[in-house]
$ cat target.pdb   # PDB, C-alpha atoms
MODEL        1
ATOM      1  CA  GLN Q   1    -246.664 -17.979 171.827  1.00  0.00           C
ATOM      2  CA  VAL Q   2    -243.590 -20.149 172.316  1.00  0.00           C
ATOM      3  CA  GLN Q   3    -242.409 -21.585 175.611  1.00  0.00           C
ATOM      4  CA  LEU Q   4    -238.631 -21.631 175.969  1.00  0.00           C
ATOM      5  CA  VAL Q   5    -236.652 -23.419 178.676  1.00  0.00           C
ATOM      6  CA  GLU Q   6    -232.963 -22.623 179.144  1.00  0.00           C
ATOM      7  CA  SER Q   7    -230.299 -24.583 180.966  1.00  0.00           C
ATOM      8  CA  GLY Q   8    -226.523 -24.716 181.306  1.00  0.00           C
ATOM      9  CA  GLY Q   9    -225.506 -21.487 182.992  1.00  0.00           C
ATOM     10  CA  GLY Q  10    -223.127 -21.298 185.926  1.00  0.00           C
ATOM     11  CA  LEU Q  11    -219.810 -20.061 187.272  1.00  0.00           C
ATOM     12  CA  VAL Q  12    -216.666 -20.557 185.231  1.00  0.00           C
ATOM     13  CA  GLN Q  13    -213.123 -19.210 185.374  1.00  0.00           C
ATOM     14  CA  PRO Q  14    -211.793 -16.899 182.650  1.00  0.00           C
ATOM     15  CA  GLY Q  15    -210.757 -18.942 179.638  1.00  0.00           C
ATOM     16  CA  GLY Q  16    -213.250 -21.679 180.466  1.00  0.00           C
ATOM     17  CA  SER Q  17    -216.241 -22.983 178.558  1.00  0.00           C
ATOM     18  CA  LEU Q  18    -219.973 -23.378 179.059  1.00  0.00           C
ATOM     19  CA  ARG Q  19    -222.745 -24.750 176.879  1.00  0.00           C
ATOM     20  CA  LEU Q  20    -226.221 -23.277 177.070  1.00  0.00           C
ATOM     21  CA  SER Q  21    -229.290 -25.112 175.823  1.00  0.00           C
ATOM     22  CA  CYS Q  22    -232.740 -23.799 174.976  1.00  0.00           C
ATOM     23  CA  ALA Q  23    -235.693 -26.096 174.327  1.00  0.00           C
ATOM     24  CA  ALA Q  24    -238.497 -24.427 172.349  1.00  0.00           C
ATOM     25  CA  PHE Q  25    -242.114 -25.575 172.497  1.00  0.00           C
ATOM     26  CA  GLY Q  26    -244.088 -23.982 169.690  1.00  0.00           C
ATOM     27  CA  SER Q  27    -244.973 -24.140 166.031  1.00  0.00           C
ATOM     28  CA  ILE Q  28    -242.433 -24.331 163.234  1.00  0.00           C
ATOM     29  CA  GLY Q  29    -243.498 -20.879 162.068  1.00  0.00           C
ATOM     30  CA  ASP Q  30    -243.059 -19.293 165.470  1.00  0.00           C
ATOM     31  CA  THR Q  31    -239.588 -20.777 165.911  1.00  0.00           C
ATOM     32  CA  PHE Q  32    -238.174 -19.875 162.507  1.00  0.00           C
ATOM     33  CA  ARG Q  33    -235.399 -17.954 164.191  1.00  0.00           C
ATOM     34  CA  LEU Q  34    -233.955 -18.723 167.618  1.00  0.00           C
ATOM     35  CA  GLY Q  35    -231.412 -16.589 169.362  1.00  0.00           C
ATOM     36  CA  TRP Q  36    -229.673 -15.529 172.527  1.00  0.00           C
ATOM     37  CA  TYR Q  37    -229.338 -12.126 174.038  1.00  0.00           C
ATOM     38  CA  ARG Q  38    -227.739 -11.142 177.319  1.00  0.00           C
ATOM     39  CA  GLN Q  39    -228.099  -8.406 179.872  1.00  0.00           C
ATOM     40  CA  ALA Q  40    -225.594  -7.415 182.529  1.00  0.00           C
ATOM     41  CA  PRO Q  41    -226.602  -5.288 185.547  1.00  0.00           C
ATOM     42  CA  GLY Q  42    -226.989  -1.649 184.586  1.00  0.00           C
ATOM     43  CA  GLN Q  43    -226.405  -2.345 180.914  1.00  0.00           C
ATOM     44  CA  GLN Q  44    -228.613  -2.552 177.858  1.00  0.00           C
ATOM     45  CA  ARG Q  45    -229.735  -5.845 176.434  1.00  0.00           C
ATOM     46  CA  GLU Q  46    -227.299  -7.125 173.789  1.00  0.00           C
ATOM     47  CA  LEU Q  47    -227.897  -9.617 171.016  1.00  0.00           C
ATOM     48  CA  VAL Q  48    -225.339 -12.436 171.242  1.00  0.00           C
ATOM     49  CA  ALA Q  49    -226.216 -14.694 168.317  1.00  0.00           C
ATOM     50  CA  LYS Q  50    -229.150 -16.008 166.344  1.00  0.00           C
ATOM     51  CA  ILE Q  51    -229.836 -18.850 163.942  1.00  0.00           C
ATOM     52  CA  THR Q  52    -232.608 -19.569 161.478  1.00  0.00           C
ATOM     53  CA  ARG Q  53    -234.226 -22.924 160.844  1.00  0.00           C
ATOM     54  CA  LEU Q  54    -232.111 -22.996 157.652  1.00  0.00           C
ATOM     55  CA  GLY Q  55    -228.886 -22.684 159.652  1.00  0.00           C
ATOM     56  CA  GLU Q  56    -228.057 -19.063 158.842  1.00  0.00           C
ATOM     57  CA  THR Q  57    -226.239 -17.435 161.754  1.00  0.00           C
ATOM     58  CA  ILE Q  58    -225.401 -13.966 163.014  1.00  0.00           C
ATOM     59  CA  TYR Q  59    -223.038 -13.121 165.887  1.00  0.00           C
ATOM     60  CA  THR Q  60    -222.249  -9.928 167.682  1.00  0.00           C
ATOM     61  CA  ASP Q  61    -218.626  -8.923 167.085  1.00  0.00           C
ATOM     62  CA  SER Q  62    -217.489  -9.436 170.681  1.00  0.00           C
ATOM     63  CA  VAL Q  63    -218.244 -13.190 170.605  1.00  0.00           C
ATOM     64  CA  LYS Q  64    -217.184 -14.104 167.073  1.00  0.00           C
ATOM     65  CA  ASP Q  65    -214.574 -16.894 167.038  1.00  0.00           C
ATOM     66  CA  ARG Q  66    -215.398 -17.748 170.680  1.00  0.00           C
ATOM     67  CA  PHE Q  67    -219.087 -18.698 170.655  1.00  0.00           C
ATOM     68  CA  ALA Q  68    -220.914 -21.103 168.357  1.00  0.00           C
ATOM     69  CA  ILE Q  69    -224.682 -21.268 167.973  1.00  0.00           C
ATOM     70  CA  SER Q  70    -226.418 -24.362 166.634  1.00  0.00           C
ATOM     71  CA  ARG Q  71    -229.856 -25.962 166.607  1.00  0.00           C
ATOM     72  CA  ASP Q  72    -231.425 -29.363 166.241  1.00  0.00           C
ATOM     73  CA  ASN Q  73    -234.642 -28.805 164.311  1.00  0.00           C
ATOM     74  CA  ALA Q  74    -235.927 -32.291 165.064  1.00  0.00           C
ATOM     75  CA  LYS Q  75    -235.749 -31.535 168.777  1.00  0.00           C
ATOM     76  CA  ASN Q  76    -236.507 -27.815 168.369  1.00  0.00           C
ATOM     77  CA  THR Q  77    -233.555 -27.149 170.628  1.00  0.00           C
ATOM     78  CA  MET Q  78    -230.835 -24.532 170.307  1.00  0.00           C
ATOM     79  CA  TYR Q  79    -227.349 -24.519 171.788  1.00  0.00           C
ATOM     80  CA  LEU Q  80    -224.712 -21.897 172.502  1.00  0.00           C
ATOM     81  CA  GLN Q  81    -221.201 -23.217 172.961  1.00  0.00           C
ATOM     82  CA  MET Q  82    -219.158 -20.549 174.714  1.00  0.00           C
ATOM     83  CA  ASP Q  83    -215.374 -20.928 174.759  1.00  0.00           C
ATOM     84  CA  SER Q  84    -212.558 -18.652 175.926  1.00  0.00           C
ATOM     85  CA  LEU Q  85    -214.982 -16.933 178.278  1.00  0.00           C
ATOM     86  CA  LYS Q  86    -214.093 -13.497 179.618  1.00  0.00           C
ATOM     87  CA  PRO Q  87    -215.324 -11.617 182.701  1.00  0.00           C
ATOM     88  CA  GLU Q  88    -217.179  -9.233 180.391  1.00  0.00           C
ATOM     89  CA  ASP Q  89    -219.318 -12.165 179.218  1.00  0.00           C
ATOM     90  CA  THR Q  90    -220.923 -12.207 182.677  1.00  0.00           C
ATOM     91  CA  ALA Q  91    -224.666 -11.610 182.274  1.00  0.00           C
ATOM     92  CA  VAL Q  92    -228.070 -13.221 182.342  1.00  0.00           C
ATOM     93  CA  TYR Q  93    -228.542 -15.012 179.031  1.00  0.00           C
ATOM     94  CA  TYR Q  94    -232.024 -15.280 177.544  1.00  0.00           C
ATOM     95  CA  CYS Q  95    -233.131 -17.333 174.577  1.00  0.00           C
ATOM     96  CA  TYR Q  96    -235.922 -16.087 172.354  1.00  0.00           C
ATOM     97  CA  ALA Q  97    -237.917 -17.152 169.332  1.00  0.00           C
ATOM     98  CA  GLU Q  98    -238.970 -15.132 166.290  1.00  0.00           C
ATOM     99  CA  ASN Q  99    -241.197 -15.880 163.352  1.00  0.00           C
ATOM    100  CA  LEU Q 100    -240.171 -15.287 159.738  1.00  0.00           C
ATOM    101  CA  ALA Q 101    -241.280 -11.644 159.961  1.00  0.00           C
ATOM    102  CA  GLY Q 102    -238.932 -11.025 162.885  1.00  0.00           C
ATOM    103  CA  VAL Q 103    -241.677 -10.708 165.488  1.00  0.00           C
ATOM    104  CA  GLU Q 104    -240.676 -12.110 168.875  1.00  0.00           C
ATOM    105  CA  ARG Q 105    -242.888 -15.030 169.826  1.00  0.00           C
ATOM    106  CA  GLY Q 106    -241.437 -15.999 173.178  1.00  0.00           C
ATOM    107  CA  ARG Q 107    -238.595 -15.540 175.632  1.00  0.00           C
ATOM    108  CA  GLY Q 108    -237.002 -17.796 178.220  1.00  0.00           C
ATOM    109  CA  GLN Q 109    -236.639 -17.086 181.913  1.00  0.00           C
ATOM    110  CA  GLY Q 110    -232.905 -16.459 181.667  1.00  0.00           C
ATOM    111  CA  THR Q 111    -229.847 -18.292 182.941  1.00  0.00           C
ATOM    112  CA  GLN Q 112    -226.949 -16.660 184.804  1.00  0.00           C
ATOM    113  CA  VAL Q 113    -223.440 -16.916 183.390  1.00  0.00           C
ATOM    114  CA  THR Q 114    -220.663 -15.684 185.669  1.00  0.00           C
ATOM    115  CA  VAL Q 115    -217.041 -15.599 184.549  1.00  0.00           C
ATOM    116  CA  SER Q 116    -214.766 -14.972 187.495  1.00  0.00           C
ATOM    117  CA  SER Q 117    -211.613 -16.268 189.127  1.00  0.00           C
TER     118      SER Q 117
ENDMDL
END
$ encode --input "target.pdb" --output "structure tokens"
Amino acid sequence: QVQLVESGGGLVQPGGSLRLSCAAFGSIGDTFRLGWYRQAPGQQRELVAKITRLGETIYTDSVKDRFAISRDNAKNTMYLQMDSLKPEDTAVYYCYAENLAGVERGRGQGTQVTVSS
């Protein structure tokens, strides 16, 4: 299992920016892929973005051109830079880790992001 610790959530006005961080504590194999998903009250969990150890990325359509995912393999830490935030981005954001086979190996405790004026 992988322990994941998130930070960086908060309250921001529409159009603002936030940067989330996720520190992963686990083996290289269990952290091959790191990603973020979010869940708003009463809604289904939604994948936001994910990145492999090789730097390959995938984004959900609603955040393309606004969010950027990155990772520092030496520190086993992942980041999500969120720009041009919208009220509909409001949710609890969770980071997770997957192995090469796509099996989830750990999940963070979640960090609240609220976009409101």
$ resolve_selection --input "target.pdb" --expression "the PyMOL selection byres ((chain Q and resi 105) around 8)" --output "NGL selection string"
:Q and (1-2 or 30-31 or 96-99 or 103-104 or 106-107)
$ closest_residue --input "target.pdb" --among "Q:Tyr93, Q:Phe67, Q:Leu100, Q:Asp83" --to "Val113 of chain Q" --atoms "all atoms listed in the file"
Q:Tyr93
$ closest_residue --input "target.pdb" --among "Q:Gln43, Q:Gln109, Q:Ser21, Q:Gln13" --to "Asn76 of chain Q" --atoms "all atoms listed in the file"
Q:Ser21
$ residues_near_point --input "target.pdb" --point "(-212.0, -18.2, 190.1)" --cutoff "12 Å" --atoms "only C-alpha atoms" --output "PyMOL selection string"
chain Q and resi 11-16+86-87+114-117
$ resolve_selection --input "target.pdb" --expression "the PyMOL selection byres ((chain Q and resi 5) around 6)" --output "list in words"
Leu4, Glu6, Cys22, Ala23 and Gly108 of chain Q
$ residues_around --input "target.pdb" --residues "Ser70 of chain Q" --least-positions-apart "6" --cutoff "7 Å" --atoms "all atoms listed in the file" --output "list in words"
Met78, Tyr79 and Leu80 of chain Q
$ closest_residue --input "target.pdb" --among "Q:Arg53, Q:Arg33, Q:Arg38, Q:Arg45" --to "Asp72 of chain Q" --atoms "all atoms listed in the file"
Q:Arg53
$ atom_distance --input "target.pdb" --atom1 "atom CA of Ser17 of chain Q" --atom2 "atom CA of Gly55 of chain Q"
22.7 Å
$ atom_distance --input "target.pdb" --atom1 "atom CA of Gly35 of chain Q" --atom2 "atom CA of Tyr94 of chain Q"
8.3 Å
$ atom_distance --input "target.pdb" --atom1 "atom CA of Thr111 of chain Q" --atom2 "atom CA of Ala40 of chain Q"
11.7 Å
$ build_atoms --input "target.pdb" --residues "segment 104-115 of chain Q" --atoms "all heavy atoms" --output "PDB file, in the frame of the given file"
ATOM      1  N   GLU Q 104    -240.995 -11.213 167.764  1.00  0.00           N
ATOM      2  CA  GLU Q 104    -240.676 -12.110 168.875  1.00  0.00           C
ATOM      3  C   GLU Q 104    -241.926 -12.873 169.298  1.00  0.00           C
ATOM      4  O   GLU Q 104    -242.992 -12.292 169.492  1.00  0.00           O
ATOM      5  CB  GLU Q 104    -240.107 -11.322 170.058  1.00  0.00           C
ATOM      6  CG  GLU Q 104    -239.627 -12.218 171.196  1.00  0.00           C
ATOM      7  CD  GLU Q 104    -238.912 -11.457 172.291  1.00  0.00           C
ATOM      8  OE1 GLU Q 104    -237.894 -10.807 172.003  1.00  0.00           O
ATOM      9  OE2 GLU Q 104    -239.378 -11.509 173.434  1.00  0.00           O
ATOM     10  N   ARG Q 105    -241.760 -14.170 169.487  1.00  0.00           N
ATOM     11  CA  ARG Q 105    -242.888 -15.030 169.826  1.00  0.00           C
ATOM     12  C   ARG Q 105    -242.738 -15.685 171.193  1.00  0.00           C
ATOM     13  O   ARG Q 105    -243.632 -16.402 171.631  1.00  0.00           O
ATOM     14  CB  ARG Q 105    -243.063 -16.107 168.756  1.00  0.00           C
ATOM     15  CG  ARG Q 105    -243.334 -15.562 167.367  1.00  0.00           C
ATOM     16  CD  ARG Q 105    -244.620 -14.750 167.364  1.00  0.00           C
ATOM     17  NE  ARG Q 105    -245.761 -15.607 167.640  1.00  0.00           N
ATOM     18  CZ  ARG Q 105    -246.910 -15.163 168.142  1.00  0.00           C
ATOM     19  NH1 ARG Q 105    -247.064 -13.879 168.457  1.00  0.00           N
ATOM     20  NH2 ARG Q 105    -247.904 -16.012 168.353  1.00  0.00           N
ATOM     21  N   GLY Q 106    -241.608 -15.446 171.836  1.00  0.00           N
ATOM     22  CA  GLY Q 106    -241.437 -15.999 173.178  1.00  0.00           C
ATOM     23  C   GLY Q 106    -240.030 -15.736 173.681  1.00  0.00           C
ATOM     24  O   GLY Q 106    -239.111 -15.465 172.893  1.00  0.00           O
ATOM     25  N   ARG Q 107    -239.876 -15.819 174.994  1.00  0.00           N
ATOM     26  CA  ARG Q 107    -238.595 -15.540 175.632  1.00  0.00           C
ATOM     27  C   ARG Q 107    -238.452 -16.453 176.835  1.00  0.00           C
ATOM     28  O   ARG Q 107    -239.439 -16.701 177.547  1.00  0.00           O
ATOM     29  CB  ARG Q 107    -238.563 -14.095 176.069  1.00  0.00           C
ATOM     30  CG  ARG Q 107    -237.298 -13.609 176.699  1.00  0.00           C
ATOM     31  CD  ARG Q 107    -237.462 -12.191 177.191  1.00  0.00           C
ATOM     32  NE  ARG Q 107    -237.959 -11.308 176.144  1.00  0.00           N
ATOM     33  CZ  ARG Q 107    -238.280 -10.031 176.355  1.00  0.00           C
ATOM     34  NH1 ARG Q 107    -238.147  -9.512 177.552  1.00  0.00           N
ATOM     35  NH2 ARG Q 107    -238.723  -9.283 175.355  1.00  0.00           N
ATOM     36  N   GLY Q 108    -237.234 -16.935 177.076  1.00  0.00           N
ATOM     37  CA  GLY Q 108    -237.002 -17.796 178.220  1.00  0.00           C
ATOM     38  C   GLY Q 108    -236.870 -17.009 179.507  1.00  0.00           C
ATOM     39  O   GLY Q 108    -236.874 -15.783 179.513  1.00  0.00           O
ATOM     40  N   GLN Q 109    -236.696 -17.726 180.594  1.00  0.00           N
ATOM     41  CA  GLN Q 109    -236.639 -17.086 181.913  1.00  0.00           C
ATOM     42  C   GLN Q 109    -235.252 -16.559 182.248  1.00  0.00           C
ATOM     43  O   GLN Q 109    -235.082 -15.810 183.208  1.00  0.00           O
ATOM     44  CB  GLN Q 109    -237.069 -18.093 183.005  1.00  0.00           C
ATOM     45  CG  GLN Q 109    -236.022 -19.114 183.424  1.00  0.00           C
ATOM     46  CD  GLN Q 109    -235.832 -20.249 182.437  1.00  0.00           C
ATOM     47  OE1 GLN Q 109    -236.482 -20.324 181.402  1.00  0.00           O
ATOM     48  NE2 GLN Q 109    -234.928 -21.165 182.763  1.00  0.00           N
ATOM     49  N   GLY Q 110    -234.263 -16.935 181.450  1.00  0.00           N
ATOM     50  CA  GLY Q 110    -232.905 -16.459 181.667  1.00  0.00           C
ATOM     51  C   GLY Q 110    -232.076 -17.427 182.485  1.00  0.00           C
ATOM     52  O   GLY Q 110    -232.575 -18.113 183.362  1.00  0.00           O
ATOM     53  N   THR Q 111    -230.788 -17.476 182.180  1.00  0.00           N
ATOM     54  CA  THR Q 111    -229.847 -18.292 182.941  1.00  0.00           C
ATOM     55  C   THR Q 111    -228.590 -17.469 183.187  1.00  0.00           C
ATOM     56  O   THR Q 111    -228.080 -16.803 182.285  1.00  0.00           O
ATOM     57  CB  THR Q 111    -229.527 -19.614 182.209  1.00  0.00           C
ATOM     58  OG1 THR Q 111    -228.708 -20.435 183.041  1.00  0.00           O
ATOM     59  CG2 THR Q 111    -228.834 -19.399 180.880  1.00  0.00           C
ATOM     60  N   GLN Q 112    -228.096 -17.505 184.415  1.00  0.00           N
ATOM     61  CA  GLN Q 112    -226.949 -16.660 184.804  1.00  0.00           C
ATOM     62  C   GLN Q 112    -225.647 -17.316 184.359  1.00  0.00           C
ATOM     63  O   GLN Q 112    -225.415 -18.508 184.612  1.00  0.00           O
ATOM     64  CB  GLN Q 112    -226.935 -16.465 186.315  1.00  0.00           C
ATOM     65  CG  GLN Q 112    -225.746 -15.675 186.830  1.00  0.00           C
ATOM     66  CD  GLN Q 112    -225.817 -14.201 186.456  1.00  0.00           C
ATOM     67  OE1 GLN Q 112    -226.842 -13.555 186.597  1.00  0.00           O
ATOM     68  NE2 GLN Q 112    -224.687 -13.660 185.982  1.00  0.00           N
ATOM     69  N   VAL Q 113    -224.809 -16.522 183.725  1.00  0.00           N
ATOM     70  CA  VAL Q 113    -223.440 -16.916 183.390  1.00  0.00           C
ATOM     71  C   VAL Q 113    -222.502 -15.949 184.100  1.00  0.00           C
ATOM     72  O   VAL Q 113    -222.593 -14.739 183.904  1.00  0.00           O
ATOM     73  CB  VAL Q 113    -223.207 -16.885 181.865  1.00  0.00           C
ATOM     74  CG1 VAL Q 113    -221.733 -17.094 181.554  1.00  0.00           C
ATOM     75  CG2 VAL Q 113    -224.059 -17.939 181.174  1.00  0.00           C
ATOM     76  N   THR Q 114    -221.625 -16.502 184.932  1.00  0.00           N
ATOM     77  CA  THR Q 114    -220.663 -15.684 185.669  1.00  0.00           C
ATOM     78  C   THR Q 114    -219.262 -16.183 185.360  1.00  0.00           C
ATOM     79  O   THR Q 114    -218.968 -17.364 185.538  1.00  0.00           O
ATOM     80  CB  THR Q 114    -220.919 -15.764 187.179  1.00  0.00           C
ATOM     81  OG1 THR Q 114    -222.250 -15.325 187.459  1.00  0.00           O
ATOM     82  CG2 THR Q 114    -219.935 -14.877 187.936  1.00  0.00           C
ATOM     83  N   VAL Q 115    -218.426 -15.268 184.876  1.00  0.00           N
ATOM     84  CA  VAL Q 115    -217.041 -15.599 184.549  1.00  0.00           C
ATOM     85  C   VAL Q 115    -216.163 -14.842 185.535  1.00  0.00           C
ATOM     86  O   VAL Q 115    -216.049 -13.619 185.497  1.00  0.00           O
ATOM     87  CB  VAL Q 115    -216.699 -15.213 183.106  1.00  0.00           C
ATOM     88  CG1 VAL Q 115    -215.281 -15.673 182.767  1.00  0.00           C
ATOM     89  CG2 VAL Q 115    -217.710 -15.802 182.146  1.00  0.00           C
TER      90      VAL Q 115
END
